[in-house]
$ cat protein-v5.pdb   # PDB, C-alpha atoms
ATOM      1  CA  MET D   1      33.378  86.710 -55.308
ATOM      2  CA  ASP D   2      32.852  84.759 -58.502
ATOM      3  CA  ARG D   3      33.840  81.138 -58.975
ATOM      4  CA  VAL D   4      37.099  81.823 -60.819
ATOM      5  CA  ASP D   5      38.264  84.224 -58.088
ATOM      6  CA  LEU D   6      37.309  81.756 -55.376
ATOM      7  CA  ILE D   7      39.267  78.939 -57.007
ATOM      8  CA  GLU D   8      42.279  81.197 -57.442
ATOM      9  CA  ARG D   9      42.038  82.267 -53.793
ATOM     10  CA  VAL D  10      41.821  78.650 -52.569
ATOM     11  CA  ARG D  11      44.827  77.718 -54.701
ATOM     12  CA  ARG D  12      46.847  80.651 -53.358
ATOM     13  CA  LEU D  13      45.943  79.954 -49.700
ATOM     14  CA  LEU D  14      46.906  76.286 -49.982
ATOM     15  CA  LEU D  15      50.121  76.798 -51.976
ATOM     16  CA  ALA D  16      51.400  79.414 -49.524
ATOM     17  CA  GLY D  17      49.844  78.164 -46.312
ATOM     18  CA  LEU D  18      50.742  74.478 -46.169
ATOM     19  CA  PRO D  19      52.937  75.032 -48.221
ATOM     20  CA  ALA D  20      51.929  72.823 -51.149
ATOM     21  CA  ASP D  21      53.830  71.751 -54.277
ATOM     22  CA  GLU D  22      50.706  71.265 -56.334
ATOM     23  CA  VAL D  23      47.050  72.116 -55.974
ATOM     24  CA  LEU D  24      44.509  70.792 -58.462
ATOM     25  CA  ILE D  25      40.999  72.196 -58.095
ATOM     26  CA  GLU D  26      38.009  70.762 -59.919
ATOM     27  CA  ASP D  27      34.793  72.748 -59.781
ATOM     28  CA  GLU D  28      31.871  70.334 -59.424
ATOM     29  CA  SER D  29      29.354  73.020 -58.494
ATOM     30  CA  ASP D  30      27.316  72.709 -61.658
ATOM     31  CA  ALA D  31      26.485  69.100 -60.879
ATOM     32  CA  HIS D  32      24.788  70.197 -57.658
ATOM     33  CA  VAL D  33      22.958  73.401 -58.574
ATOM     34  CA  GLY D  34      20.002  74.136 -56.330
ATOM     35  CA  HIS D  35      20.128  70.984 -54.240
ATOM     36  CA  ARG D  36      18.777  71.315 -50.739
ATOM     37  CA  GLY D  37      20.892  73.251 -48.263
ATOM     38  CA  SER D  38      23.596  74.215 -50.730
ATOM     39  CA  GLY D  39      22.868  77.940 -50.381
ATOM     40  CA  GLY D  40      24.560  78.455 -53.720
ATOM     41  CA  GLY D  41      28.036  77.669 -52.369
ATOM     42  CA  ALA D  42      30.728  75.998 -54.453
ATOM     43  CA  HIS D  43      31.389  72.254 -54.598
ATOM     44  CA  LEU D  44      35.124  71.778 -55.004
ATOM     45  CA  ARG D  45      37.262  68.677 -55.421
ATOM     46  CA  VAL D  46      40.818  69.526 -54.418
ATOM     47  CA  THR D  47      43.917  67.374 -54.817
ATOM     48  CA  ILE D  48      46.942  68.625 -52.908
ATOM     49  CA  VAL D  49      50.559  67.463 -52.959
ATOM     50  CA  ALA D  50      52.455  68.758 -49.934
ATOM     51  CA  GLU D  51      55.433  67.494 -47.993
ATOM     52  CA  ALA D  52      53.770  69.032 -44.922
ATOM     53  CA  PHE D  53      51.416  66.011 -44.943
ATOM     54  CA  ALA D  54      54.246  63.554 -44.281
ATOM     55  CA  GLY D  55      53.814  61.720 -40.991
ATOM     56  CA  LYS D  56      50.266  63.026 -40.575
ATOM     57  CA  ALA D  57      47.119  60.884 -40.533
ATOM     58  CA  PRO D  58      44.331  61.813 -42.973
ATOM     59  CA  LEU D  59      42.330  63.513 -40.207
ATOM     60  CA  ALA D  60      45.222  65.864 -39.386
ATOM     61  CA  ARG D  61      45.840  66.558 -43.097
ATOM     62  CA  HIS D  62      42.230  67.517 -43.641
ATOM     63  CA  ARG D  63      42.196  69.673 -40.512
ATOM     64  CA  ALA D  64      45.248  71.575 -41.776
ATOM     65  CA  VAL D  65      43.440  72.315 -45.054
ATOM     66  CA  HIS D  66      40.213  73.292 -43.280
ATOM     67  CA  ALA D  67      42.110  75.718 -41.047
ATOM     68  CA  LEU D  68      43.522  77.582 -44.054
ATOM     69  CA  LEU D  69      40.123  77.767 -45.736
ATOM     70  CA  ALA D  70      38.078  78.472 -42.585
ATOM     71  CA  ASP D  71      36.486  81.713 -43.825
ATOM     72  CA  ASP D  72      35.663  80.286 -47.231
ATOM     73  CA  LEU D  73      34.142  77.130 -45.731
ATOM     74  CA  LYS D  74      31.799  79.285 -43.652
ATOM     75  CA  GLN D  75      30.592  81.340 -46.584
ATOM     76  CA  ARG D  76      31.603  80.403 -50.087
ATOM     77  CA  ILE D  77      32.394  76.688 -50.164
ATOM     78  CA  HIS D  78      29.521  74.318 -49.575
ATOM     79  CA  ALA D  79      31.315  71.034 -50.177
ATOM     80  CA  LEU D  80      34.990  70.147 -50.246
ATOM     81  CA  ALA D  81      36.259  66.767 -51.386
ATOM     82  CA  LEU D  82      39.936  66.356 -50.533
ATOM     83  CA  VAL D  83      42.784  64.172 -51.717
ATOM     84  CA  THR D  84      45.864  64.881 -49.615
ATOM     85  CA  LEU D  85      49.170  63.394 -50.787
ATOM     86  CA  THR D  86      52.832  63.629 -49.847
ATOM     87  CA  ARG D  87      55.369  63.800 -52.702
ATOM     88  CA  ASP D  88      56.030  60.055 -52.365
ATOM     89  CA  GLU D  89      52.348  59.201 -52.376
ATOM     90  CA  ALA D  90      51.784  61.374 -55.435
ATOM     91  CA  ALA D  91      54.707  59.710 -57.223
ATOM     92  CA  ALA D  92      53.351  56.243 -56.383
ATOM     93  CA  ARG D  93      50.036  57.227 -57.944
ATOM     94  CA  THR D  94      51.485  58.348 -61.256
ATOM     95  CA  ASP D  95      53.880  55.383 -61.501
ATOM     96  CA  ARG D  96      51.019  52.940 -61.861
TER      97      ARG D  96
ATOM     98  CA  MET J   1      29.694  75.869 -26.961
ATOM     99  CA  ASP J   2      26.367  75.611 -25.163
ATOM    100  CA  ALA J   3      26.738  73.133 -22.265
ATOM    101  CA  ALA J   4      23.291  71.604 -22.806
ATOM    102  CA  PHE J   5      24.090  70.951 -26.472
ATOM    103  CA  LYS J   6      27.438  69.364 -25.624
ATOM    104  CA  ALA J   7      25.742  67.116 -23.034
ATOM    105  CA  ARG J   8      23.111  66.117 -25.583
ATOM    106  CA  ILE J   9      25.731  65.092 -28.150
ATOM    107  CA  ASP J  10      27.932  63.387 -25.538
ATOM    108  CA  GLU J  11      24.934  61.260 -24.532
ATOM    109  CA  LEU J  12      24.054  60.426 -28.148
ATOM    110  CA  LEU J  13      27.626  59.310 -28.789
ATOM    111  CA  GLN J  14      27.674  57.194 -25.667
ATOM    112  CA  LYS J  15      24.466  55.418 -26.670
ATOM    113  CA  ASN J  16      25.353  54.882 -30.333
ATOM    114  CA  LYS J  17      28.608  53.115 -31.096
ATOM    115  CA  VAL J  18      28.378  54.042 -34.761
ATOM    116  CA  LEU J  19      26.743  57.404 -35.379
ATOM    117  CA  LEU J  20      26.636  59.362 -38.627
ATOM    118  CA  PHE J  21      25.669  63.036 -38.776
ATOM    119  CA  VAL J  22      24.325  63.327 -42.310
ATOM    120  CA  LYS J  23      22.102  65.345 -44.612
ATOM    121  CA  GLY J  24      18.862  63.424 -44.954
ATOM    122  CA  THR J  25      18.026  59.983 -43.614
ATOM    123  CA  LYS J  26      19.188  56.409 -44.213
ATOM    124  CA  SER J  27      16.298  55.902 -46.639
ATOM    125  CA  PHE J  28      16.501  59.362 -48.217
ATOM    126  CA  PRO J  29      19.998  60.830 -48.126
ATOM    127  CA  GLN J  30      19.895  64.385 -49.477
ATOM    128  CA  CYS J  31      23.547  64.776 -50.404
ATOM    129  CA  GLY J  32      25.898  62.603 -52.430
ATOM    130  CA  PHE J  33      28.572  62.517 -49.726
ATOM    131  CA  SER J  34      26.060  61.493 -47.051
ATOM    132  CA  ASN J  35      24.664  58.848 -49.397
ATOM    133  CA  ALA J  36      28.178  57.470 -49.955
ATOM    134  CA  VAL J  37      28.942  57.006 -46.262
ATOM    135  CA  ILE J  38      25.515  55.500 -45.531
ATOM    136  CA  ASN J  39      26.137  52.934 -48.280
ATOM    137  CA  ILE J  40      29.570  52.116 -46.873
ATOM    138  CA  PHE J  41      28.140  51.434 -43.420
ATOM    139  CA  LYS J  42      25.306  49.380 -44.908
ATOM    140  CA  GLU J  43      27.955  47.341 -46.692
ATOM    141  CA  ILE J  44      29.889  46.770 -43.464
ATOM    142  CA  GLY J  45      26.627  45.455 -42.058
ATOM    143  CA  ALA J  46      27.016  46.441 -38.401
ATOM    144  CA  PRO J  47      24.196  48.409 -36.751
ATOM    145  CA  PHE J  48      24.510  52.183 -37.130
ATOM    146  CA  GLU J  49      22.370  55.231 -36.481
ATOM    147  CA  THR J  50      22.114  58.533 -38.320
ATOM    148  CA  VAL J  51      21.191  62.071 -37.301
ATOM    149  CA  ASN J  52      19.645  64.259 -40.001
ATOM    150  CA  VAL J  53      21.333  67.641 -39.609
ATOM    151  CA  LEU J  54      18.911  69.238 -42.090
ATOM    152  CA  ALA J  55      16.082  68.579 -39.640
ATOM    153  CA  ASP J  56      17.762  70.377 -36.732
ATOM    154  CA  GLY J  57      19.520  73.709 -37.165
ATOM    155  CA  GLU J  58      21.108  73.528 -33.719
ATOM    156  CA  VAL J  59      22.765  70.215 -34.567
ATOM    157  CA  ARG J  60      23.823  71.461 -38.002
ATOM    158  CA  ASP J  61      25.592  74.512 -36.566
ATOM    159  CA  GLY J  62      26.676  72.943 -33.293
ATOM    160  CA  MET J  63      28.331  69.847 -34.744
ATOM    161  CA  LYS J  64      30.704  71.944 -36.842
ATOM    162  CA  GLU J  65      32.095  73.288 -33.587
ATOM    163  CA  TYR J  66      31.770  70.056 -31.584
ATOM    164  CA  SER J  67      33.811  68.109 -34.150
ATOM    165  CA  SER J  68      35.961  71.059 -35.289
ATOM    166  CA  TRP J  69      34.927  70.007 -38.786
ATOM    167  CA  PRO J  70      33.275  72.363 -41.279
ATOM    168  CA  THR J  71      31.204  69.967 -43.392
ATOM    169  CA  PHE J  72      28.880  66.951 -43.306
ATOM    170  CA  PRO J  73      28.795  64.004 -43.132
ATOM    171  CA  GLN J  74      30.635  63.566 -39.837
ATOM    172  CA  ILE J  75      31.317  60.007 -38.725
ATOM    173  CA  TYR J  76      31.756  58.821 -35.148
ATOM    174  CA  VAL J  77      32.791  55.292 -34.162
ATOM    175  CA  GLY J  78      33.080  54.300 -30.507
ATOM    176  CA  GLY J  79      32.455  57.914 -29.508
ATOM    177  CA  GLU J  80      35.496  59.140 -31.476
ATOM    178  CA  PHE J  81      35.393  61.405 -34.501
ATOM    179  CA  VAL J  82      36.718  59.472 -37.500
ATOM    180  CA  GLY J  83      36.378  62.095 -40.241
ATOM    181  CA  GLY J  84      34.240  62.966 -43.231
ATOM    182  CA  CYS J  85      33.384  61.219 -46.465
ATOM    183  CA  ASP J  86      36.875  61.111 -48.038
ATOM    184  CA  ILE J  87      38.554  59.671 -44.929
ATOM    185  CA  VAL J  88      35.864  57.052 -44.366
ATOM    186  CA  ARG J  89      36.009  56.032 -48.027
ATOM    187  CA  GLU J  90      39.771  55.662 -47.841
ATOM    188  CA  MET J  91      39.598  53.637 -44.610
ATOM    189  CA  HIS J  92      36.917  51.406 -46.106
ATOM    190  CA  ALA J  93      39.025  50.769 -49.215
ATOM    191  CA  LYS J  94      41.889  49.638 -46.971
ATOM    192  CA  GLY J  95      39.581  47.469 -44.836
ATOM    193  CA  GLU J  96      40.353  49.566 -41.758
ATOM    194  CA  LEU J  97      36.835  50.821 -41.180
ATOM    195  CA  ALA J  98      35.226  47.423 -40.565
ATOM    196  CA  THR J  99      37.979  46.636 -38.050
ATOM    197  CA  LEU J 100      37.369  49.899 -36.209
ATOM    198  CA  VAL J 101      33.611  49.306 -36.137
ATOM    199  CA  LYS J 102      34.030  45.760 -34.883
ATOM    200  CA  LYS J 103      36.313  46.945 -32.100
ATOM    201  CA  ALA J 104      33.808  49.602 -31.043
ATOM    202  CA  ILE J 105      30.876  47.196 -31.007
ATOM    203  CA  GLU J 106      32.669  44.277 -29.348
ATOM    204  CA  PRO J 107      35.366  45.848 -27.159
ATOM    205  CA  ASN J 108      36.688  42.415 -26.140
TER     206      ASN J 108
END
$ encode --input "protein-v5.pdb" --output "structure tokens"
Amino acid sequence: MDRVDLIERVRRLLLAGLPADEVLIEDESDAHVGHRGSGGGAHLRVTIVAEAFAGKAPLARHRAVHALLADDLKQRIHALALVTLTRDEAAARTDR
Amino acid sequence: MDAAFKARIDELLQKNKVLLFVKGTKSFPQCGFSNAVINIFKEIGAPFETVNVLADGEVRDGMKEYSSWPTFPQIYVGGEFVGGCDIVREMHAKGELATLVKKAIEPN
């Protein structure tokens, strides 16, 4: 699976699975090419806006995302940086 | 999970109030995320220990299951799993991490 397909797959899984309002995926893989233990997997930075996060601590939010991407995290994704926001939290960010 | 492995990690977590499972060592982190959490704990200034998961394949595979967490670093304070790099960063920015560490080191 190439990088573009992987990113599209991650977006689809998160939008449908959480479900999410917005999923922004930044591919940071090129900054980490060939570093030890990467095994060629992707480095992704993912920002997610989902009402499903409301009332959940960060640990539970991250676990919900990991569960949806379990197969990809085993094989295709080497590193995953996450920003998990509710609609209110996302609005507070852009208001500033 | 292998019972001997679980016992080994349980014991490590009992002995070390602040324990980081990272890629590389305190002096030579081999991943940007591991480096970031090591620097945060250095900044907090309380004693902490690290386990280099790159040096031990059993730990690298086993900790993903033990913590139900797919990536490293993995941070434990007071024997409890706190999260990975993003969560620890966020807690540190809010000043919550130092409080948690202090509570784990001096329970009273």
$ interface_residues --input "protein-v5.pdb" --of "chain D" --to "chain J" --cutoff "8 Å" --atoms "all atoms listed in the file" --output "PyMOL selection string"
chain D and resi 36-37+58-59+63+66+70+73-74+78-83
$ atom_distance --input "protein-v5.pdb" --atom1 "atom CA of Ala36 of chain J" --atom2 "atom CA of Leu18 of chain D"
28.5 Å
$ residues_around --input "protein-v5.pdb" --residues "Val51 of chain J" --least-positions-apart "6" --cutoff "7 Å" --atoms "all atoms listed in the file" --output "list in words"
Leu20, Phe21 and Val22 of chain J
$ closest_residue --input "protein-v5.pdb" --among "D:Leu85, D:Leu13, D:Ile25, D:Ala92" --to "Gly55 of chain D" --atoms "all atoms listed in the file"
D:Leu85
$ atom_distance --input "protein-v5.pdb" --atom1 "atom CA of Val46 of chain D" --atom2 "atom CA of Glu26 of chain D"
6.3 Å
$ residues_near_point --input "protein-v5.pdb" --point "(28.8, 61.2, -26.2)" --cutoff "12 Å" --atoms "all atoms listed in the file" --output "MDAnalysis selection string"
chainID J and resid 5:19 66:67 76:81
$ closest_residue --input "protein-v5.pdb" --among "D:Arg87, D:His62, D:Arg93, D:Lys56" --to "Asp21 of chain D" --atoms "all atoms listed in the file"
D:Arg87
$ closest_residue --input "protein-v5.pdb" --among "D:Asp30, D:Ala60, D:Glu22, D:Arg45" --to "Ala90 of chain D" --atoms "only C-alpha atoms"
D:Glu22
$ atom_distance --input "protein-v5.pdb" --atom1 "atom CA of Glu43 of chain J" --atom2 "atom CA of Lys26 of chain J"
12.9 Å
$ axis_aligned_box --input "protein-v5.pdb" --around "segment 44-63 of chain J" --padding-each-side "8 Å" --output "JSON"
{"center_x": 23.0, "center_y": 60.0, "center_z": -38.4, "size_x": 29.8, "size_y": 45.1, "size_z": 26.2}
$ residues_around --input "protein-v5.pdb" --residues "Thr84 of chain D" --least-positions-apart "4" --cutoff "7 Å" --atoms "all atoms listed in the file" --output "PDB file with C-alpha atoms, in the coordinates of the input"
ATOM      1  CA  THR D  47      43.917  67.374 -54.817  1.00  0.00           C
ATOM      2  CA  ILE D  48      46.942  68.625 -52.908  1.00  0.00           C
ATOM      3  CA  VAL D  49      50.559  67.463 -52.959  1.00  0.00           C
ATOM      4  CA  ARG D  61      45.840  66.558 -43.097  1.00  0.00           C
TER       5      ARG D  61
END
$ build_atoms --input "protein-v5.pdb" --residues "segment 86-103 of chain J" --atoms "N, CA and C atoms" --output "PDB file, in the frame of the given file"
ATOM      1  N   ASP J  86      35.630  61.556 -47.383  1.00  0.00           N
ATOM      2  CA  ASP J  86      36.875  61.111 -48.038  1.00  0.00           C
ATOM      3  C   ASP J  86      37.659  60.146 -47.152  1.00  0.00           C
ATOM      4  N   ILE J  87      37.756  60.486 -45.854  1.00  0.00           N
ATOM      5  CA  ILE J  87      38.554  59.671 -44.929  1.00  0.00           C
ATOM      6  C   ILE J  87      37.905  58.304 -44.729  1.00  0.00           C
ATOM      7  N   VAL J  88      36.577  58.313 -44.575  1.00  0.00           N
ATOM      8  CA  VAL J  88      35.864  57.052 -44.366  1.00  0.00           C
ATOM      9  C   VAL J  88      35.968  56.155 -45.612  1.00  0.00           C
ATOM     10  N   ARG J  89      35.864  56.783 -46.771  1.00  0.00           N
ATOM     11  CA  ARG J  89      36.009  56.032 -48.027  1.00  0.00           C
ATOM     12  C   ARG J  89      37.382  55.362 -48.108  1.00  0.00           C
ATOM     13  N   GLU J  90      38.389  56.152 -47.789  1.00  0.00           N
ATOM     14  CA  GLU J  90      39.771  55.662 -47.841  1.00  0.00           C
ATOM     15  C   GLU J  90      39.984  54.511 -46.852  1.00  0.00           C
ATOM     16  N   MET J  91      39.452  54.685 -45.628  1.00  0.00           N
ATOM     17  CA  MET J  91      39.598  53.637 -44.610  1.00  0.00           C
ATOM     18  C   MET J  91      38.856  52.373 -45.021  1.00  0.00           C
ATOM     19  N   HIS J  92      37.702  52.561 -45.666  1.00  0.00           N
ATOM     20  CA  HIS J  92      36.917  51.406 -46.106  1.00  0.00           C
ATOM     21  C   HIS J  92      37.663  50.654 -47.207  1.00  0.00           C
ATOM     22  N   ALA J  93      38.281  51.397 -48.113  1.00  0.00           N
ATOM     23  CA  ALA J  93      39.025  50.769 -49.215  1.00  0.00           C
ATOM     24  C   ALA J  93      40.191  49.941 -48.678  1.00  0.00           C
ATOM     25  N   LYS J  94      40.765  50.368 -47.567  1.00  0.00           N
ATOM     26  CA  LYS J  94      41.889  49.638 -46.971  1.00  0.00           C
ATOM     27  C   LYS J  94      41.424  48.556 -45.996  1.00  0.00           C
ATOM     28  N   GLY J  95      40.116  48.462 -45.768  1.00  0.00           N
ATOM     29  CA  GLY J  95      39.581  47.469 -44.836  1.00  0.00           C
ATOM     30  C   GLY J  95      39.703  47.879 -43.377  1.00  0.00           C
ATOM     31  N   GLU J  96      40.125  49.118 -43.142  1.00  0.00           N
ATOM     32  CA  GLU J  96      40.353  49.566 -41.758  1.00  0.00           C
ATOM     33  C   GLU J  96      39.057  49.927 -41.036  1.00  0.00           C
ATOM     34  N   LEU J  97      38.058  50.326 -41.811  1.00  0.00           N
ATOM     35  CA  LEU J  97      36.835  50.821 -41.180  1.00  0.00           C
ATOM     36  C   LEU J  97      36.064  49.692 -40.484  1.00  0.00           C
ATOM     37  N   ALA J  98      35.947  48.563 -41.152  1.00  0.00           N
ATOM     38  CA  ALA J  98      35.226  47.423 -40.565  1.00  0.00           C
ATOM     39  C   ALA J  98      35.900  46.983 -39.266  1.00  0.00           C
ATOM     40  N   THR J  99      37.225  47.012 -39.249  1.00  0.00           N
ATOM     41  CA  THR J  99      37.979  46.636 -38.050  1.00  0.00           C
ATOM     42  C   THR J  99      37.669  47.592 -36.900  1.00  0.00           C
ATOM     43  N   LEU J 100      37.654  48.877 -37.222  1.00  0.00           N
ATOM     44  CA  LEU J 100      37.369  49.899 -36.209  1.00  0.00           C
ATOM     45  C   LEU J 100      35.958  49.739 -35.650  1.00  0.00           C
ATOM     46  N   VAL J 101      35.004  49.481 -36.547  1.00  0.00           N
ATOM     47  CA  VAL J 101      33.611  49.306 -36.137  1.00  0.00           C
ATOM     48  C   VAL J 101      33.472  48.072 -35.244  1.00  0.00           C
ATOM     49  N   LYS J 102      34.115  47.007 -35.646  1.00  0.00           N
ATOM     50  CA  LYS J 102      34.030  45.760 -34.883  1.00  0.00           C
ATOM     51  C   LYS J 102      34.581  45.973 -33.468  1.00  0.00           C
ATOM     52  N   LYS J 103      35.687  46.671 -33.389  1.00  0.00           N
ATOM     53  CA  LYS J 103      36.313  46.945 -32.100  1.00  0.00           C
ATOM     54  C   LYS J 103      35.403  47.793 -31.217  1.00  0.00           C
TER      55      LYS J 103
END
